[in-house]
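**Student:** I am attaching a structure below and will ask some questions about it afterwards.
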Amino acid sequence: MANSHVAVLAFPFGSHGQAILAVTRRLATAAPSTVFSFLNTSQSNFSLLSSDLPPNIRVHDVSDGVPEGYVLSRNPQEAVELFLEAAPEIFRRELAVAETEVGRKVTCMLTDAFIWFAGDMAAEMKVSWVAFWTSGTRSLLISTQISSEKPSLSKETLGCISGMEKIRVKDTPEGVVFGNLDSVFSKMLHQMGLALPRATTVYMNSFEELDPTLTDNLRLKFKRYLSIGPLALLFSTSQRETPLHDPHGCLAWIKKRSTASVVYIAFGRVMTPPPGELVVIAQGLESSKVPFVWSLQEKNMVHLPKGFLDGTREQGMVVPWAPQVELLNHEAMGVFVSHGGWNSVLESVSAGVPMICRPIFGDHALNARSVEAVWEIGMTISSGVFTKDGFEESLDRVLVQDDGKKMKFNAKKLKELAQEAVSTEGSSFENFKGLLDEVMKV
């Protein structure tokens, strides 16, 4: 509609901001007469924004809630805590500013699901609340189900929830079923679990065919539930407006490698395994002789063993940034070694590439368990931490053994389902149109 005005409220930590901005860009391109006011902290905006945003996205910097002159401790939860305490007031103030600037009342609140109090704000403003869950179906189901009914924890698995039979209590994110249930994060997840069933629509980056039982389950939980992914395929390179960014020549390098032979290692921007594990990964690579691309932030390169970079110059490359989606989709890619964050898992699924997961926190263990035991497209590193021998055995298992061939076969099948989902008749394509209609409604 010509006079719709969507307020986008981001959660400015981890990869949340990036995920909601990607969807906002896509919606803004498809609905040029709708204005999208994108509210996020200045620090998060600075790391996300490029100059080529669609003109109908208006960016607003909001405070991070840290009082002037206050020094944050080393506990990362503290920044989240201060933000969440201040956020309702901060967002309310900036929404008024956005309405004045645009000259239109907000007609829809499109928010990260972690901004659970947006439900109350939307109700006050008498507008729709569209919530984006940035992780996977299993963690969404656990967060909402457990907020309303604690399952019996004497059991080892979550078999009491349909579609979760292979998930163990120890795989669930800390603070939902076990761990410190009084932490800020735990309380936020609890509040969110209670609030989300009131949302007009809950949507996520997945596809219905990945977990059909869970799709049915979530449809019963929410007024409207939409899977619109994999975003890496839905917003594929064919629609890329800008030339591909590959400053370190990873794609030229991988073109010279044989089919399914390369290991790609990346642990996301937020967390990296401890220095000792980076050392054993390097040792395992060197002694296994497997060709590799390792995306590792420059500040962590100091932990690599002396002589490793020189000694492996012919075998592989360590770069501070790599074009992940394009690398995963190259036929030479054999396995993705990852922390098991949802976006990484879905990008691997979309490319049909098996995984070796080393969970670090949050939903990582749950995603890794789905990779290993539910979809059978990879494995979790044994005992949860890298050792030189353990890493070499994992590489051998996935790249050489029959076991690995099965993983590859299963991954290829999921890739085909993912491609069908984003095709013109597919479920995610249709669901994206549904999401677009929802946010444009006045």
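Going by the structure tokens order, chains are called A, B, ..., each with residues numbered from 1, while ligands are numbered from 1 in the order shown.
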Report the closest atom pair, with its distance in Å rounded to one decimal, for each residue of segment 321-422 of chain A that has an atom no farther than 10 Å from segment 429-440 of chain A; count only C-alpha atoms, sort by chain and then rising residue number, and write it as CSV.
**Tutor:**
residue,atom,partner,partner_atom,distance
A:Glu420,CA,A:Phe429,CA,9.3
A:Ala421,CA,A:Phe429,CA,6.6
A:Val422,CA,A:Phe429,CA,5.0
**Student:** Would you return as a PyMOL selection string the members of segment 111-249 of chain A that DSSP assigns to alpha helix (DSSP H) on this structure's backbone?
**Tutor:** chain A and resi 118-125+137-148+184-195+212-221+231-234
**Student:** Just want the 10 Å neighbourhood of Arg257 of chain A, counted on only C-alpha atoms, with same-chain residues fewer than 6 positions away dropped. Output as a list of chain:residue names.
**Tutor:**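 So, after excluding close chain neighbours, the residues are A:Pro291, A:Phe292, A:His330, A:Glu331, A:Ala332, A:Met333.
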**Student:** Any idea what's packed within 6 Å of Thr200 of chain A, counting only C-alpha atoms, ignoring anything in its chain fewer than 4 positions away? Could you give it as a PyMOL selection string?
**Tutor:** chain A and resi 128-130
**Student:** Determine, counting only C-alpha atoms, which protein, DNA and RNA residues have an atom within 8 Å of an atom of Val398 of chain A; residues of the same chain fewer than 3 positions away are not included. Present the result as a ChimeraX atom specification.
**Tutor:** /A:335,354,378,394-395,401,403-405,407
**Student:** Let me see the file: selected residues, all heavy atoms, as a PDB file, in the first residue's frame.
**Tutor:**
ATOM      1  N   VAL A 335      33.836 -30.215   2.729  1.00  0.00           N
ATOM      2  CA  VAL A 335      33.261 -30.194   4.081  1.00  0.00           C
ATOM      3  C   VAL A 335      33.408 -28.786   4.669  1.00  0.00           C
ATOM      4  O   VAL A 335      34.376 -28.081   4.386  1.00  0.00           O
ATOM      5  CB  VAL A 335      33.930 -31.263   4.997  1.00  0.00           C
ATOM      6  CG1 VAL A 335      35.436 -31.043   5.131  1.00  0.00           C
ATOM      7  CG2 VAL A 335      33.269 -31.306   6.377  1.00  0.00           C
ATOM      8  N   PRO A 354      28.485 -31.419   3.450  1.00  0.00           N
ATOM      9  CA  PRO A 354      28.492 -31.982   4.809  1.00  0.00           C
ATOM     10  C   PRO A 354      29.245 -31.073   5.792  1.00  0.00           C
ATOM     11  O   PRO A 354      30.047 -30.230   5.372  1.00  0.00           O
ATOM     12  CB  PRO A 354      29.233 -33.312   4.651  1.00  0.00           C
ATOM     13  CG  PRO A 354      29.234 -33.606   3.195  1.00  0.00           C
ATOM     14  CD  PRO A 354      29.189 -32.281   2.492  1.00  0.00           C
ATOM     15  N   GLY A 378      26.380 -34.721   8.621  1.00  0.00           N
ATOM     16  CA  GLY A 378      27.662 -34.314   9.196  1.00  0.00           C
ATOM     17  C   GLY A 378      27.808 -34.848  10.600  1.00  0.00           C
ATOM     18  O   GLY A 378      27.108 -35.777  11.004  1.00  0.00           O
ATOM     19  N   SER A 394      37.993 -36.805  11.931  1.00  0.00           N
ATOM     20  CA  SER A 394      36.740 -36.240  11.405  1.00  0.00           C
ATOM     21  C   SER A 394      36.868 -35.932   9.917  1.00  0.00           C
ATOM     22  O   SER A 394      35.965 -36.230   9.131  1.00  0.00           O
ATOM     23  CB  SER A 394      36.379 -34.939  12.133  1.00  0.00           C
ATOM     24  OG  SER A 394      36.274 -35.167  13.505  1.00  0.00           O
ATOM     25  N   LEU A 395      37.997 -35.321   9.531  1.00  0.00           N
ATOM     26  CA  LEU A 395      38.216 -35.007   8.106  1.00  0.00           C
ATOM     27  C   LEU A 395      38.208 -36.292   7.280  1.00  0.00           C
ATOM     28  O   LEU A 395      37.585 -36.368   6.217  1.00  0.00           O
ATOM     29  CB  LEU A 395      39.546 -34.270   7.915  1.00  0.00           C
ATOM     30  CG  LEU A 395      39.606 -32.819   8.403  1.00  0.00           C
ATOM     31  CD1 LEU A 395      41.029 -32.275   8.266  1.00  0.00           C
ATOM     32  CD2 LEU A 395      38.633 -31.935   7.642  1.00  0.00           C
ATOM     33  N   GLN A 401      35.721 -41.793   4.100  1.00  0.00           N
ATOM     34  CA  GLN A 401      34.987 -43.012   4.480  1.00  0.00           C
ATOM     35  C   GLN A 401      33.583 -43.080   3.842  1.00  0.00           C
ATOM     36  O   GLN A 401      33.033 -42.070   3.415  1.00  0.00           O
ATOM     37  CB  GLN A 401      34.809 -43.066   6.008  1.00  0.00           C
ATOM     38  CG  GLN A 401      36.074 -42.915   6.809  1.00  0.00           C
ATOM     39  CD  GLN A 401      37.004 -44.122   6.667  1.00  0.00           C
ATOM     40  OE1 GLN A 401      36.578 -45.200   6.310  1.00  0.00           O
ATOM     41  NE2 GLN A 401      38.280 -43.901   6.914  1.00  0.00           N
ATOM     42  N   ASP A 403      30.863 -43.548   5.385  1.00  0.00           N
ATOM     43  CA  ASP A 403      30.032 -42.712   6.236  1.00  0.00           C
ATOM     44  C   ASP A 403      29.863 -41.302   5.642  1.00  0.00           C
ATOM     45  O   ASP A 403      28.766 -40.742   5.582  1.00  0.00           O
ATOM     46  CB  ASP A 403      30.799 -42.569   7.565  1.00  0.00           C
ATOM     47  CG  ASP A 403      29.857 -42.484   8.721  1.00  0.00           C
ATOM     48  OD1 ASP A 403      28.668 -42.736   8.494  1.00  0.00           O
ATOM     49  OD2 ASP A 403      30.304 -42.142   9.825  1.00  0.00           O
ATOM     50  N   GLY A 404      30.986 -40.753   5.182  1.00  0.00           N
ATOM     51  CA  GLY A 404      30.993 -39.423   4.589  1.00  0.00           C
ATOM     52  C   GLY A 404      30.212 -39.382   3.279  1.00  0.00           C
ATOM     53  O   GLY A 404      29.547 -38.389   2.966  1.00  0.00           O
ATOM     54  N   LYS A 405      30.285 -40.478   2.528  1.00  0.00           N
ATOM     55  CA  LYS A 405      29.526 -40.535   1.262  1.00  0.00           C
ATOM     56  C   LYS A 405      28.023 -40.478   1.544  1.00  0.00           C
ATOM     57  O   LYS A 405      27.258 -39.853   0.811  1.00  0.00           O
ATOM     58  CB  LYS A 405      29.887 -41.814   0.494  1.00  0.00           C
ATOM     59  CG  LYS A 405      31.332 -41.812  -0.023  1.00  0.00           C
ATOM     60  CD  LYS A 405      31.597 -42.957  -0.993  1.00  0.00           C
ATOM     61  CE  LYS A 405      33.011 -42.902  -1.558  1.00  0.00           C
ATOM     62  NZ  LYS A 405      34.052 -43.297  -0.572  1.00  0.00           N
ATOM     63  N   MET A 407      26.660 -38.983   4.170  1.00  0.00           N
ATOM     64  CA  MET A 407      26.382 -37.594   4.562  1.00  0.00           C
ATOM     65  C   MET A 407      26.215 -36.721   3.320  1.00  0.00           C
ATOM     66  O   MET A 407      25.317 -35.899   3.226  1.00  0.00           O
ATOM     67  CB  MET A 407      27.530 -37.027   5.410  1.00  0.00           C
ATOM     68  CG  MET A 407      27.706 -37.686   6.758  1.00  0.00           C
ATOM     69  SD  MET A 407      29.254 -37.061   7.526  1.00  0.00           S
ATOM     70  CE  MET A 407      29.410 -38.174   8.919  1.00  0.00           C
TER      71      MET A 407
END
**Student:** Just want the 6 Å neighbourhood of segment 159-171 of chain A, counted on only C-alpha atoms, with same-chain residues fewer than 4 positions away dropped. Output as a list in words.
**Tutor:**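 Surrounding residues, per the criterion: Thr213, Leu214, Ala365 and Leu366 of chain A.
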**Student:** So that I have them on file, write out the residues from the current selection with N, CA, C and O atoms, as an mmCIF file, in the first residue's frame.
**Tutor:**
data_model
loop_
_atom_site.group_PDB
_atom_site.id
_atom_site.type_symbol
_atom_site.label_atom_id
_atom_site.label_comp_id
_atom_site.auth_asym_id
_atom_site.auth_seq_id
_atom_site.Cartn_x
_atom_site.Cartn_y
_atom_site.Cartn_z
ATOM 1 N N THR A 213 7.474 -32.124 10.285
ATOM 2 C CA THR A 213 6.730 -32.288 11.548
ATOM 3 C C THR A 213 6.769 -31.009 12.364
ATOM 4 O O THR A 213 5.763 -30.590 12.946
ATOM 5 N N LEU A 214 7.951 -30.382 12.424
ATOM 6 C CA LEU A 214 8.083 -29.156 13.203
ATOM 7 C C LEU A 214 7.307 -28.012 12.561
ATOM 8 O O LEU A 214 6.748 -27.159 13.250
ATOM 9 N N ALA A 365 24.786 -26.218 19.790
ATOM 10 C CA ALA A 365 24.756 -27.669 20.053
ATOM 11 C C ALA A 365 23.478 -28.295 19.491
ATOM 12 O O ALA A 365 23.495 -29.423 18.978
ATOM 13 N N LEU A 366 22.392 -27.560 19.566
ATOM 14 C CA LEU A 366 21.111 -28.041 19.040
ATOM 15 C C LEU A 366 21.179 -28.183 17.518
ATOM 16 O O LEU A 366 20.746 -29.192 16.950
#
**Student:** List as a Markdown table every residue of segment 204-228 of chain A that is in contact with segment 19-23 of chain A, defined as an atom at most 10 Å from one of its atoms (using only C-alpha atoms), together with the nearest atom pair and the distance in Å rounded to one decimal, sorted by chain and then rising number.
**Tutor:**
| residue | atom | partner | partner_atom | distance |
| --- | --- | --- | --- | --- |
| A:Met204 | CA | A:Ala19 | CA | 10.0 |
| A:Asn205 | CA | A:Ala19 | CA | 8.8 |
| A:Ile228 | CA | A:Val23 | CA | 9.6 |
**Student:** Let's have the selection written as a PDB file, in the first residue's frame, with N, CA, C and O atoms.
**Tutor:**
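Once written, selection07.pdb looks like this:
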ATOM      1  N   MET A 204      10.780 -17.075   9.709  1.00  0.00           N
ATOM      2  CA  MET A 204      12.168 -17.461   9.950  1.00  0.00           C
ATOM      3  C   MET A 204      12.871 -17.889   8.677  1.00  0.00           C
ATOM      4  O   MET A 204      12.237 -18.181   7.660  1.00  0.00           O
ATOM      5  N   ASN A 205      14.204 -17.927   8.758  1.00  0.00           N
ATOM      6  CA  ASN A 205      15.042 -18.340   7.639  1.00  0.00           C
ATOM      7  C   ASN A 205      15.197 -19.859   7.676  1.00  0.00           C
ATOM      8  O   ASN A 205      16.140 -20.385   8.252  1.00  0.00           O
ATOM      9  N   ILE A 228      10.750 -18.640   5.162  1.00  0.00           N
ATOM     10  CA  ILE A 228      11.005 -17.936   3.900  1.00  0.00           C
ATOM     11  C   ILE A 228      12.414 -18.207   3.353  1.00  0.00           C
ATOM     12  O   ILE A 228      12.916 -17.438   2.554  1.00  0.00           O
TER      13      ILE A 228
END
**Student:** Which neighbours of Pro32 of chain A fall inside 9 Å, counting only C-alpha atoms, when residues of the same chain fewer than 5 positions from it are skipped, and could you give them as a compact mmCIF listing (two decimals) with N, CA and C atoms, in the first residue's frame?
**Tutor:**
# COMPACT_ATOMS: atom_id res chain seq x y z
N ALA A 2 0.38 2.28 -0.64
CA ALA A 2 1.21 3.48 -0.83
C ALA A 2 1.57 4.18 0.47
N LEU A 27 12.50 -6.88 1.24
CA LEU A 27 11.12 -6.37 1.31
C LEU A 27 11.03 -4.96 0.71
N PRO A 54 18.41 0.33 -0.49
CA PRO A 54 17.28 0.89 -1.23
C PRO A 54 16.86 2.23 -0.59
N PRO A 55 16.42 3.20 -1.41
CA PRO A 55 16.14 4.55 -0.90
C PRO A 55 14.99 4.61 0.11
N ASN A 56 14.13 3.57 0.13
CA ASN A 56 13.00 3.59 1.07
C ASN A 56 13.33 2.96 2.43
**Student:** To one decimal place in Å, what is the distance between atom CA of Arg26 of chain A and atom CA of Asp61 of chain A?
**Tutor:** 20.8 Å
**Student:** For Phe132 of chain A, which residue among A:Ala28, A:Phe11, A:Glu85, A:Gln43 is the nearest when counting only C-alpha atoms?
**Tutor:** A:Phe11
**Student:** For the atom pair atom CA of Gly390 of chain A and atom CA of Val374 of chain A, what is the interatomic distance in Å to one decimal place?
**Tutor:**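 The value is 22.2 Å.
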**Student:** With only C-alpha atoms as the basis for distance, which of A:Glu298, A:Asn329, A:Val270, A:Ala98 is at the shortest distance from Ile254 of chain A?
**Tutor:** A:Asn329
**Student:** Which value, in Å to one decimal, gives the distance between atom CA of Glu347 of chain A and atom CA of Cys108 of chain A?
**Tutor:**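 Rounded to one decimal, the two atoms are 29.3 Å apart.
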